[in-house]
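Colleague: To start, I am sharing the structure in question, which I have written as structure tokens.
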Amino acid sequence: MSAYSMVTSPGPAVHRTPDRRWLRLAIVAGALAWAGSIWALAAAGTYDTVTPAFLPQALAQDLVNLVVAAPTLVVCAILARRGSVRGLLVLLGVLGYTVYNYVIYVFSIPFGPLYPLWTAVLGLSLFAVIGGLRSLPAASIAARFRSERAARVAAWVLLVVAGLFALIWLREDVPALLAGTPQGSSVDLDLPTNPVHTLDYIFFLPSAFLVGTGLLHRRPFAYPATAAFLVFMIFTCVPIVVTPFVQAAIGQTPAWSLLGPIGALALVMLGSVLWLLATVTGKSEPADAATVRLGEGDGVAVEGEDKI
């Protein structure tokens, strides 16, 4: 019996034919992000106007986009079109990461030749996220999670990691507010405020607490949302881990101290989300309780493992 169906009946079959254009938007966003990262890394002067503290972060972000994020976005969009539940959940997490990442690109990096491309990636990713959430069959997907223990562990991992980041940001921001001074990190980046802190206060932290507590209370939306959120958080950790290596490569003093704590958090979240996704089965209880279409041509696969 699934973790979700232990406390609620799956109900009647859900037959949907959502608009699958959002999956096409995701594929185009991934392709443009990949091309933009190549351009940013290959072209001279892309980040000439950013501060020395900002430069390795931007380069690390481009490397991660090129090697990991953009390819994952395209591959998971293709898997989701074929009906993969796991592909769909990972896709939503990577899309959230892409929106988060390109908000920083568009609003924090001085205007230049890549601005139109970055804006396009942000817009495509944002509308893809909206389309994906709008068409997400949360209840039927929730019924496919088979381990209550894996779900509870994932919820606590999400809540604890979000709490740790909240404490880290507040440790910097509260003293600055009380002293009437700018954030130290925003001064280093030569920005009015730290965009990561701002995005986390507005989006990441409240959403993470909402989703984590929702999963502890077995809310249907929280099952797919927790998996997607953990993927999002893992991807946000990867550029932080890569940054010290970039600093070393460009002749700066590497911040090796980041590798231990951030790497450990990423590994814990990776283990948690892999366990959670491993519990996803191909059919809910009863067997025909959730039949969902991604659109004409995508097919319906209720009996197979990891299929919508």
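Residue numbering restarts at 1 for every chain of the structure tokens, chains are lettered A, B, ... in their displayed order, and ligands are numbered from 1 as they appear.
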Please extract the residues of range 51-118 of chain A with a backbone DSSP assignment of alpha helix (DSSP H) and present them as an mmCIF file with N, CA and C atoms, in the first residue's frame.
Modeller:
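The new file part-v8.cif reads:
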data_model
loop_
_atom_site.group_PDB
_atom_site.id
_atom_site.type_symbol
_atom_site.label_atom_id
_atom_site.label_comp_id
_atom_site.auth_asym_id
_atom_site.auth_seq_id
_atom_site.Cartn_x
_atom_site.Cartn_y
_atom_site.Cartn_z
ATOM 1 N N PHE A 54 32.280 37.842 -7.802
ATOM 2 C CA PHE A 54 31.160 37.364 -8.616
ATOM 3 C C PHE A 54 31.647 36.467 -9.757
ATOM 4 N N LEU A 55 32.834 36.754 -10.293
ATOM 5 C CA LEU A 55 33.320 36.070 -11.491
ATOM 6 C C LEU A 55 33.352 34.548 -11.361
ATOM 7 N N PRO A 56 33.991 33.968 -10.339
ATOM 8 C CA PRO A 56 34.024 32.501 -10.273
ATOM 9 C C PRO A 56 32.646 31.887 -10.073
ATOM 10 N N GLN A 57 31.757 32.603 -9.402
ATOM 11 C CA GLN A 57 30.399 32.090 -9.234
ATOM 12 C C GLN A 57 29.676 32.016 -10.575
ATOM 13 N N ALA A 58 29.841 33.058 -11.394
ATOM 14 C CA ALA A 58 29.195 33.070 -12.708
ATOM 15 C C ALA A 58 29.765 31.978 -13.608
ATOM 16 N N LEU A 59 31.083 31.814 -13.588
ATOM 17 C CA LEU A 59 31.708 30.781 -14.415
ATOM 18 C C LEU A 59 31.296 29.381 -13.955
ATOM 19 N N ALA A 60 31.240 29.179 -12.643
ATOM 20 C CA ALA A 60 30.805 27.881 -12.115
ATOM 21 C C ALA A 60 29.366 27.593 -12.523
ATOM 22 N N GLN A 61 28.538 28.629 -12.486
ATOM 23 C CA GLN A 61 27.142 28.459 -12.890
ATOM 24 C C GLN A 61 27.052 28.045 -14.352
ATOM 25 N N ASP A 62 27.842 28.678 -15.205
ATOM 26 C CA ASP A 62 27.834 28.317 -16.624
ATOM 27 C C ASP A 62 28.316 26.888 -16.844
ATOM 28 N N LEU A 63 29.343 26.479 -16.114
ATOM 29 C CA LEU A 63 29.840 25.109 -16.243
ATOM 30 C C LEU A 63 28.771 24.094 -15.851
ATOM 31 N N VAL A 64 28.082 24.367 -14.758
ATOM 32 C CA VAL A 64 27.034 23.449 -14.301
ATOM 33 C C VAL A 64 25.872 23.431 -15.288
ATOM 34 N N ALA A 70 21.357 21.899 -18.182
ATOM 35 C CA ALA A 70 20.678 21.962 -19.482
ATOM 36 C C ALA A 70 20.451 20.574 -20.085
ATOM 37 N N PRO A 71 21.462 19.684 -20.097
ATOM 38 C CA PRO A 71 21.189 18.334 -20.610
ATOM 39 C C PRO A 71 20.118 17.594 -19.812
ATOM 40 N N THR A 72 20.140 17.743 -18.484
ATOM 41 C CA THR A 72 19.126 17.084 -17.659
ATOM 42 C C THR A 72 17.737 17.612 -17.988
ATOM 43 N N LEU A 73 17.644 18.909 -18.221
ATOM 44 C CA LEU A 73 16.367 19.524 -18.565
ATOM 45 C C LEU A 73 15.790 18.907 -19.836
ATOM 46 N N VAL A 74 16.610 18.781 -20.852
ATOM 47 C CA VAL A 74 16.137 18.243 -22.131
ATOM 48 C C VAL A 74 15.790 16.758 -22.002
ATOM 49 N N VAL A 75 16.672 15.989 -21.377
ATOM 50 C CA VAL A 75 16.445 14.544 -21.250
ATOM 51 C C VAL A 75 15.184 14.260 -20.440
ATOM 52 N N CYS A 76 15.006 14.964 -19.333
ATOM 53 C CA CYS A 76 13.833 14.710 -18.486
ATOM 54 C C CYS A 76 12.544 15.178 -19.149
ATOM 55 N N ALA A 77 12.610 16.228 -19.956
ATOM 56 C CA ALA A 77 11.424 16.646 -20.705
ATOM 57 C C ALA A 77 11.013 15.565 -21.699
ATOM 58 N N ILE A 78 11.995 14.952 -22.337
ATOM 59 C CA ILE A 78 11.698 13.858 -23.272
ATOM 60 C C ILE A 78 11.115 12.661 -22.520
ATOM 61 N N LEU A 79 11.699 12.333 -21.364
ATOM 62 C CA LEU A 79 11.170 11.227 -20.561
ATOM 63 C C LEU A 79 9.746 11.520 -20.087
ATOM 64 N N ALA A 80 9.502 12.760 -19.685
ATOM 65 C CA ALA A 80 8.158 13.126 -19.237
ATOM 66 C C ALA A 80 7.150 13.015 -20.373
ATOM 67 N N ARG A 81 7.549 13.382 -21.580
ATOM 68 C CA ARG A 81 6.665 13.234 -22.742
ATOM 69 C C ARG A 81 6.307 11.771 -22.979
ATOM 70 N N VAL A 85 7.077 9.127 -14.633
ATOM 71 C CA VAL A 85 6.789 9.910 -13.434
ATOM 72 C C VAL A 85 8.078 10.500 -12.870
ATOM 73 N N ARG A 86 9.102 9.681 -12.775
ATOM 74 C CA ARG A 86 10.375 10.168 -12.225
ATOM 75 C C ARG A 86 10.956 11.271 -13.105
ATOM 76 N N GLY A 87 10.883 11.079 -14.409
ATOM 77 C CA GLY A 87 11.359 12.118 -15.316
ATOM 78 C C GLY A 87 10.609 13.418 -15.131
ATOM 79 N N LEU A 88 9.301 13.323 -14.921
ATOM 80 C CA LEU A 88 8.478 14.511 -14.704
ATOM 81 C C LEU A 88 8.881 15.244 -13.434
ATOM 82 N N LEU A 89 9.099 14.509 -12.348
ATOM 83 C CA LEU A 89 9.429 15.138 -11.071
ATOM 84 C C LEU A 89 10.815 15.779 -11.102
ATOM 85 N N VAL A 90 11.770 15.080 -11.708
ATOM 86 C CA VAL A 90 13.103 15.670 -11.841
ATOM 87 C C VAL A 90 13.040 16.902 -12.740
ATOM 88 N N LEU A 91 12.266 16.819 -13.802
ATOM 89 C CA LEU A 91 12.117 17.954 -14.715
ATOM 90 C C LEU A 91 11.601 19.185 -13.985
ATOM 91 N N LEU A 92 10.583 19.020 -13.153
ATOM 92 C CA LEU A 92 10.034 20.168 -12.429
ATOM 93 C C LEU A 92 11.083 20.781 -11.502
ATOM 94 N N GLY A 93 11.894 19.929 -10.870
ATOM 95 C CA GLY A 93 12.949 20.453 -10.010
ATOM 96 C C GLY A 93 13.997 21.229 -10.785
ATOM 97 N N VAL A 94 14.402 20.707 -11.941
ATOM 98 C CA VAL A 94 15.420 21.392 -12.746
ATOM 99 C C VAL A 94 14.851 22.668 -13.353
ATOM 100 N N LEU A 95 13.585 22.653 -13.720
ATOM 101 C CA LEU A 95 12.955 23.880 -14.217
ATOM 102 C C LEU A 95 12.933 24.959 -13.137
ATOM 103 N N GLY A 96 12.597 24.563 -11.908
ATOM 104 C CA GLY A 96 12.625 25.531 -10.814
ATOM 105 C C GLY A 96 14.008 26.108 -10.613
ATOM 106 N N TYR A 97 15.009 25.249 -10.685
ATOM 107 C CA TYR A 97 16.400 25.705 -10.577
ATOM 108 C C TYR A 97 16.749 26.664 -11.708
ATOM 109 N N THR A 98 16.291 26.372 -12.914
ATOM 110 C CA THR A 98 16.602 27.223 -14.064
ATOM 111 C C THR A 98 15.967 28.597 -13.914
ATOM 112 N N VAL A 99 14.718 28.633 -13.468
ATOM 113 C CA VAL A 99 14.072 29.925 -13.223
ATOM 114 C C VAL A 99 14.853 30.714 -12.178
ATOM 115 N N TYR A 100 15.162 30.071 -11.081
ATOM 116 C CA TYR A 100 15.909 30.692 -9.979
ATOM 117 C C TYR A 100 17.249 31.233 -10.477
ATOM 118 N N ASN A 101 17.953 30.416 -11.229
ATOM 119 C CA ASN A 101 19.280 30.764 -11.730
ATOM 120 C C ASN A 101 19.225 31.948 -12.694
ATOM 121 N N TYR A 102 18.266 31.914 -13.614
ATOM 122 C CA TYR A 102 18.233 32.955 -14.647
ATOM 123 C C TYR A 102 17.601 34.255 -14.157
ATOM 124 N N VAL A 103 16.865 34.220 -13.070
ATOM 125 C CA VAL A 103 16.482 35.483 -12.426
ATOM 126 C C VAL A 103 17.741 36.225 -11.985
ATOM 127 N N ILE A 104 18.694 35.478 -11.440
ATOM 128 C CA ILE A 104 19.954 36.093 -11.008
ATOM 129 C C ILE A 104 20.742 36.597 -12.212
ATOM 130 N N TYR A 105 20.810 35.805 -13.272
ATOM 131 C CA TYR A 105 21.494 36.256 -14.483
ATOM 132 C C TYR A 105 20.909 37.585 -14.978
ATOM 133 N N VAL A 106 19.591 37.610 -15.128
ATOM 134 C CA VAL A 106 18.935 38.751 -15.770
ATOM 135 C C VAL A 106 19.007 40.012 -14.916
ATOM 136 N N PHE A 107 18.879 39.860 -13.602
ATOM 137 C CA PHE A 107 18.788 41.041 -12.748
ATOM 138 C C PHE A 107 20.099 41.421 -12.062
ATOM 139 N N SER A 108 21.109 40.560 -12.133
ATOM 140 C CA SER A 108 22.335 40.844 -11.386
ATOM 141 C C SER A 108 23.564 41.061 -12.254
ATOM 142 N N TYR A 115 22.073 39.046 -22.764
ATOM 143 C CA TYR A 115 20.837 39.412 -22.064
ATOM 144 C C TYR A 115 19.585 38.879 -22.768
ATOM 145 N N PRO A 116 19.438 39.029 -24.101
ATOM 146 C CA PRO A 116 18.227 38.490 -24.745
ATOM 147 C C PRO A 116 18.085 36.980 -24.576
ATOM 148 N N LEU A 117 19.193 36.264 -24.672
ATOM 149 C CA LEU A 117 19.127 34.811 -24.531
ATOM 150 C C LEU A 117 18.758 34.431 -23.102
ATOM 151 N N TRP A 118 19.389 35.074 -22.118
ATOM 152 C CA TRP A 118 19.061 34.777 -20.726
ATOM 153 C C TRP A 118 17.595 35.092 -20.428
#
Colleague: Compile the contact shell of Val121 in chain A as a PDB file with N, CA, C and O atoms, in the first residue's frame: residues with an atom at most 8 Å away, counting only C-alpha atoms, same-chain residues fewer than 2 positions apart removed.
Modeller:
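Listing of selection_10.pdb after writing:
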ATOM      1  N   ALA A  29      14.090  25.757 -23.715  1.00  0.00           N
ATOM      2  CA  ALA A  29      14.833  26.457 -22.663  1.00  0.00           C
ATOM      3  C   ALA A  29      16.163  25.771 -22.387  1.00  0.00           C
ATOM      4  O   ALA A  29      17.200  26.428 -22.234  1.00  0.00           O
ATOM      5  N   GLY A  30      16.147  24.444 -22.324  1.00  0.00           N
ATOM      6  CA  GLY A  30      17.383  23.709 -22.087  1.00  0.00           C
ATOM      7  C   GLY A  30      18.384  23.896 -23.209  1.00  0.00           C
ATOM      8  O   GLY A  30      19.590  24.077 -22.965  1.00  0.00           O
ATOM      9  N   LEU A  32      18.599  26.461 -25.312  1.00  0.00           N
ATOM     10  CA  LEU A  32      19.112  27.834 -25.280  1.00  0.00           C
ATOM     11  C   LEU A  32      20.081  28.035 -24.116  1.00  0.00           C
ATOM     12  O   LEU A  32      21.102  28.729 -24.259  1.00  0.00           O
ATOM     13  N   ALA A  33      19.759  27.447 -22.965  1.00  0.00           N
ATOM     14  CA  ALA A  33      20.659  27.573 -21.815  1.00  0.00           C
ATOM     15  C   ALA A  33      22.009  26.933 -22.114  1.00  0.00           C
ATOM     16  O   ALA A  33      23.064  27.475 -21.752  1.00  0.00           O
ATOM     17  N   TYR A 102      18.266  31.914 -13.614  1.00  0.00           N
ATOM     18  CA  TYR A 102      18.233  32.955 -14.647  1.00  0.00           C
ATOM     19  C   TYR A 102      17.601  34.255 -14.157  1.00  0.00           C
ATOM     20  O   TYR A 102      17.809  35.299 -14.783  1.00  0.00           O
ATOM     21  N   LEU A 117      19.193  36.264 -24.672  1.00  0.00           N
ATOM     22  CA  LEU A 117      19.127  34.811 -24.531  1.00  0.00           C
ATOM     23  C   LEU A 117      18.758  34.431 -23.102  1.00  0.00           C
ATOM     24  O   LEU A 117      17.915  33.552 -22.877  1.00  0.00           O
ATOM     25  N   TRP A 118      19.389  35.074 -22.118  1.00  0.00           N
ATOM     26  CA  TRP A 118      19.061  34.777 -20.726  1.00  0.00           C
ATOM     27  C   TRP A 118      17.595  35.092 -20.428  1.00  0.00           C
ATOM     28  O   TRP A 118      16.923  34.344 -19.709  1.00  0.00           O
ATOM     29  N   THR A 119      17.106  36.190 -20.985  1.00  0.00           N
ATOM     30  CA  THR A 119      15.702  36.548 -20.779  1.00  0.00           C
ATOM     31  C   THR A 119      14.783  35.501 -21.396  1.00  0.00           C
ATOM     32  O   THR A 119      13.755  35.132 -20.812  1.00  0.00           O
ATOM     33  N   GLY A 123      12.016  33.267 -19.393  1.00  0.00           N
ATOM     34  CA  GLY A 123      10.603  33.251 -19.755  1.00  0.00           C
ATOM     35  C   GLY A 123      10.107  31.862 -20.108  1.00  0.00           C
ATOM     36  O   GLY A 123       9.041  31.429 -19.649  1.00  0.00           O
ATOM     37  N   LEU A 124      10.873  31.138 -20.916  1.00  0.00           N
ATOM     38  CA  LEU A 124      10.476  29.785 -21.300  1.00  0.00           C
ATOM     39  C   LEU A 124      10.388  28.869 -20.087  1.00  0.00           C
ATOM     40  O   LEU A 124       9.433  28.088 -19.944  1.00  0.00           O
ATOM     41  N   SER A 125      11.372  28.958 -19.204  1.00  0.00           N
ATOM     42  CA  SER A 125      11.385  28.101 -18.018  1.00  0.00           C
ATOM     43  C   SER A 125      10.230  28.435 -17.080  1.00  0.00           C
ATOM     44  O   SER A 125       9.592  27.538 -16.514  1.00  0.00           O
TER      45      SER A 125
END
Colleague: Could you name the residues that touch Ile262 in chain A at 8 Å or less, counting only C-alpha atoms, but leaving out those on the same chain fewer than 6 positions away, as an MDAnalysis selection string?
Modeller: chainID A and resid 237 240:241
Colleague: Write out as an mmCIF file with N, CA, C and O atoms, in the first residue's frame each polymer residue whose atoms come within 12 Å of Thr193 in chain A, counting only C-alpha atoms; drop sequence neighbours fewer than 2 positions from it.
Modeller:
data_model
loop_
_atom_site.group_PDB
_atom_site.id
_atom_site.type_symbol
_atom_site.label_atom_id
_atom_site.label_comp_id
_atom_site.auth_asym_id
_atom_site.auth_seq_id
_atom_site.Cartn_x
_atom_site.Cartn_y
_atom_site.Cartn_z
ATOM 1 N N ILE A 104 18.694 35.478 -11.440
ATOM 2 C CA ILE A 104 19.954 36.093 -11.008
ATOM 3 C C ILE A 104 20.742 36.597 -12.212
ATOM 4 O O ILE A 104 21.283 37.710 -12.199
ATOM 5 N N PHE A 107 18.879 39.860 -13.602
ATOM 6 C CA PHE A 107 18.788 41.041 -12.748
ATOM 7 C C PHE A 107 20.099 41.421 -12.062
ATOM 8 O O PHE A 107 20.184 42.503 -11.476
ATOM 9 N N SER A 108 21.109 40.560 -12.133
ATOM 10 C CA SER A 108 22.335 40.844 -11.386
ATOM 11 C C SER A 108 23.564 41.061 -12.254
ATOM 12 O O SER A 108 24.538 41.658 -11.791
ATOM 13 N N GLU A 172 23.887 36.585 8.569
ATOM 14 C CA GLU A 172 24.509 37.724 7.887
ATOM 15 C C GLU A 172 23.598 38.945 7.875
ATOM 16 O O GLU A 172 24.049 40.072 8.104
ATOM 17 N N ASP A 173 22.313 38.727 7.619
ATOM 18 C CA ASP A 173 21.416 39.851 7.347
ATOM 19 C C ASP A 173 20.957 40.583 8.603
ATOM 20 O O ASP A 173 20.834 41.814 8.591
ATOM 21 N N ALA A 176 23.562 43.029 9.927
ATOM 22 C CA ALA A 176 23.684 44.162 9.002
ATOM 23 C C ALA A 176 22.508 45.116 9.161
ATOM 24 O O ALA A 176 22.676 46.346 9.135
ATOM 25 N N LEU A 177 21.312 44.564 9.343
ATOM 26 C CA LEU A 177 20.138 45.412 9.558
ATOM 27 C C LEU A 177 20.267 46.205 10.853
ATOM 28 O O LEU A 177 19.972 47.405 10.903
ATOM 29 N N THR A 181 24.092 48.661 8.019
ATOM 30 C CA THR A 181 25.104 48.523 6.971
ATOM 31 C C THR A 181 24.604 47.557 5.896
ATOM 32 O O THR A 181 23.689 46.767 6.142
ATOM 33 N N PRO A 182 25.193 47.583 4.700
ATOM 34 C CA PRO A 182 24.796 46.621 3.659
ATOM 35 C C PRO A 182 25.226 45.202 4.032
ATOM 36 O O PRO A 182 26.097 45.002 4.884
ATOM 37 N N GLN A 183 24.618 44.235 3.377
ATOM 38 C CA GLN A 183 25.072 42.852 3.522
ATOM 39 C C GLN A 183 26.513 42.751 3.019
ATOM 40 O O GLN A 183 26.861 43.318 1.982
ATOM 41 N N GLY A 184 27.334 42.013 3.738
ATOM 42 C CA GLY A 184 28.708 41.845 3.290
ATOM 43 C C GLY A 184 28.793 41.179 1.928
ATOM 44 O O GLY A 184 29.604 41.563 1.078
ATOM 45 N N SER A 185 27.942 40.193 1.690
ATOM 46 C CA SER A 185 27.978 39.486 0.405
ATOM 47 C C SER A 185 27.533 40.381 -0.737
ATOM 48 O O SER A 185 28.061 40.284 -1.854
ATOM 49 N N SER A 186 26.574 41.273 -0.492
ATOM 50 C CA SER A 186 26.135 42.171 -1.563
ATOM 51 C C SER A 186 27.215 43.192 -1.902
ATOM 52 O O SER A 186 27.359 43.603 -3.058
ATOM 53 N N VAL A 187 27.998 43.594 -0.902
ATOM 54 C CA VAL A 187 29.124 44.492 -1.163
ATOM 55 C C VAL A 187 30.161 43.787 -2.033
ATOM 56 O O VAL A 187 30.689 44.361 -2.996
ATOM 57 N N ASP A 188 30.444 42.521 -1.715
ATOM 58 C CA ASP A 188 31.412 41.753 -2.501
ATOM 59 C C ASP A 188 30.969 41.605 -3.956
ATOM 60 O O ASP A 188 31.797 41.588 -4.870
ATOM 61 N N LEU A 189 29.653 41.491 -4.157
ATOM 62 C CA LEU A 189 29.120 41.308 -5.508
ATOM 63 C C LEU A 189 28.825 42.631 -6.202
ATOM 64 O O LEU A 189 28.461 42.642 -7.382
ATOM 65 N N ASP A 190 28.946 43.737 -5.462
ATOM 66 C CA ASP A 190 28.617 45.070 -5.977
ATOM 67 C C ASP A 190 27.164 45.133 -6.444
ATOM 68 O O ASP A 190 26.847 45.626 -7.526
ATOM 69 N N LEU A 191 26.274 44.628 -5.583
ATOM 70 C CA LEU A 191 24.841 44.628 -5.860
ATOM 71 C C LEU A 191 24.109 45.281 -4.694
ATOM 72 O O LEU A 191 24.603 45.281 -3.561
ATOM 73 N N PRO A 195 21.034 38.626 -4.254
ATOM 74 C CA PRO A 195 19.845 38.073 -4.914
ATOM 75 C C PRO A 195 19.473 36.685 -4.406
ATOM 76 O O PRO A 195 18.294 36.315 -4.414
ATOM 77 N N VAL A 196 20.457 35.914 -3.972
ATOM 78 C CA VAL A 196 20.164 34.575 -3.454
ATOM 79 C C VAL A 196 19.346 34.680 -2.168
ATOM 80 O O VAL A 196 18.346 33.971 -1.990
ATOM 81 N N HIS A 197 19.755 35.560 -1.268
ATOM 82 C CA HIS A 197 18.995 35.747 -0.037
ATOM 83 C C HIS A 197 17.573 36.193 -0.353
ATOM 84 O O HIS A 197 16.605 35.691 0.231
ATOM 85 N N THR A 198 17.443 37.139 -1.269
ATOM 86 C CA THR A 198 16.125 37.674 -1.606
ATOM 87 C C THR A 198 15.216 36.594 -2.174
ATOM 88 O O THR A 198 14.059 36.444 -1.757
ATOM 89 N N LEU A 199 15.725 35.827 -3.135
ATOM 90 C CA LEU A 199 14.922 34.759 -3.728
ATOM 91 C C LEU A 199 14.557 33.699 -2.696
ATOM 92 O O LEU A 199 13.443 33.158 -2.713
#
Colleague: Nearest residue to Val268 in chain A out of A:Ala225, A:Ala154, A:Leu215, A:Leu170, using only C-alpha atoms?
Modeller: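 Using only C-alpha atoms, the shortest distance to Val268 in chain A belongs to A:Ala154.
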Colleague: Would you mind telling me which residue in A:Arg134, A:Phe111, A:Trp34, A:Thr49 lies nearest to Phe221 in chain A when using only C-alpha atoms?
Modeller: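 So, comparing all the options, the nearest one is A:Arg134.
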Colleague: Given only C-alpha atoms as the basis, pick out the residue of A:Trp39, A:Trp256, A:Trp156, A:Phe165 nearest to Val211 in chain A.
Modeller: A:Trp156
Colleague: For CA of Pro113 in chain A and CA of Pro52 in chain A, quote the distance in Å rounded to one decimal.
Modeller: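 Distance reported for this atom pair: 20.5 Å.
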Colleague: Mind giving me the straight-line distance from CA of Leu122 in chain A to CA of Thr236 in chain A in Å, one decimal?
Modeller: 16.0 Å
Colleague: When you count only C-alpha atoms, which of these residues is closest to Gly214 in chain A: A:Met269, A:Ile27, A:Ala255, A:Ala151?
Modeller: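 Looking at the shortest contact to Gly214 in chain A, the residue is A:Ala151.
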Colleague: In Å, with one decimal, what is the gap from CA of Ile109 in chain A to CA of Ala166 in chain A?
Modeller: 24.6 Å
Colleague: Nearest to Arg218 in chain A: which of A:Ala155, A:Val238, A:Val280, A:Ala35 is it, counting only C-alpha atoms?
Modeller: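 Using only C-alpha atoms, the shortest distance to Arg218 in chain A belongs to A:Ala155.
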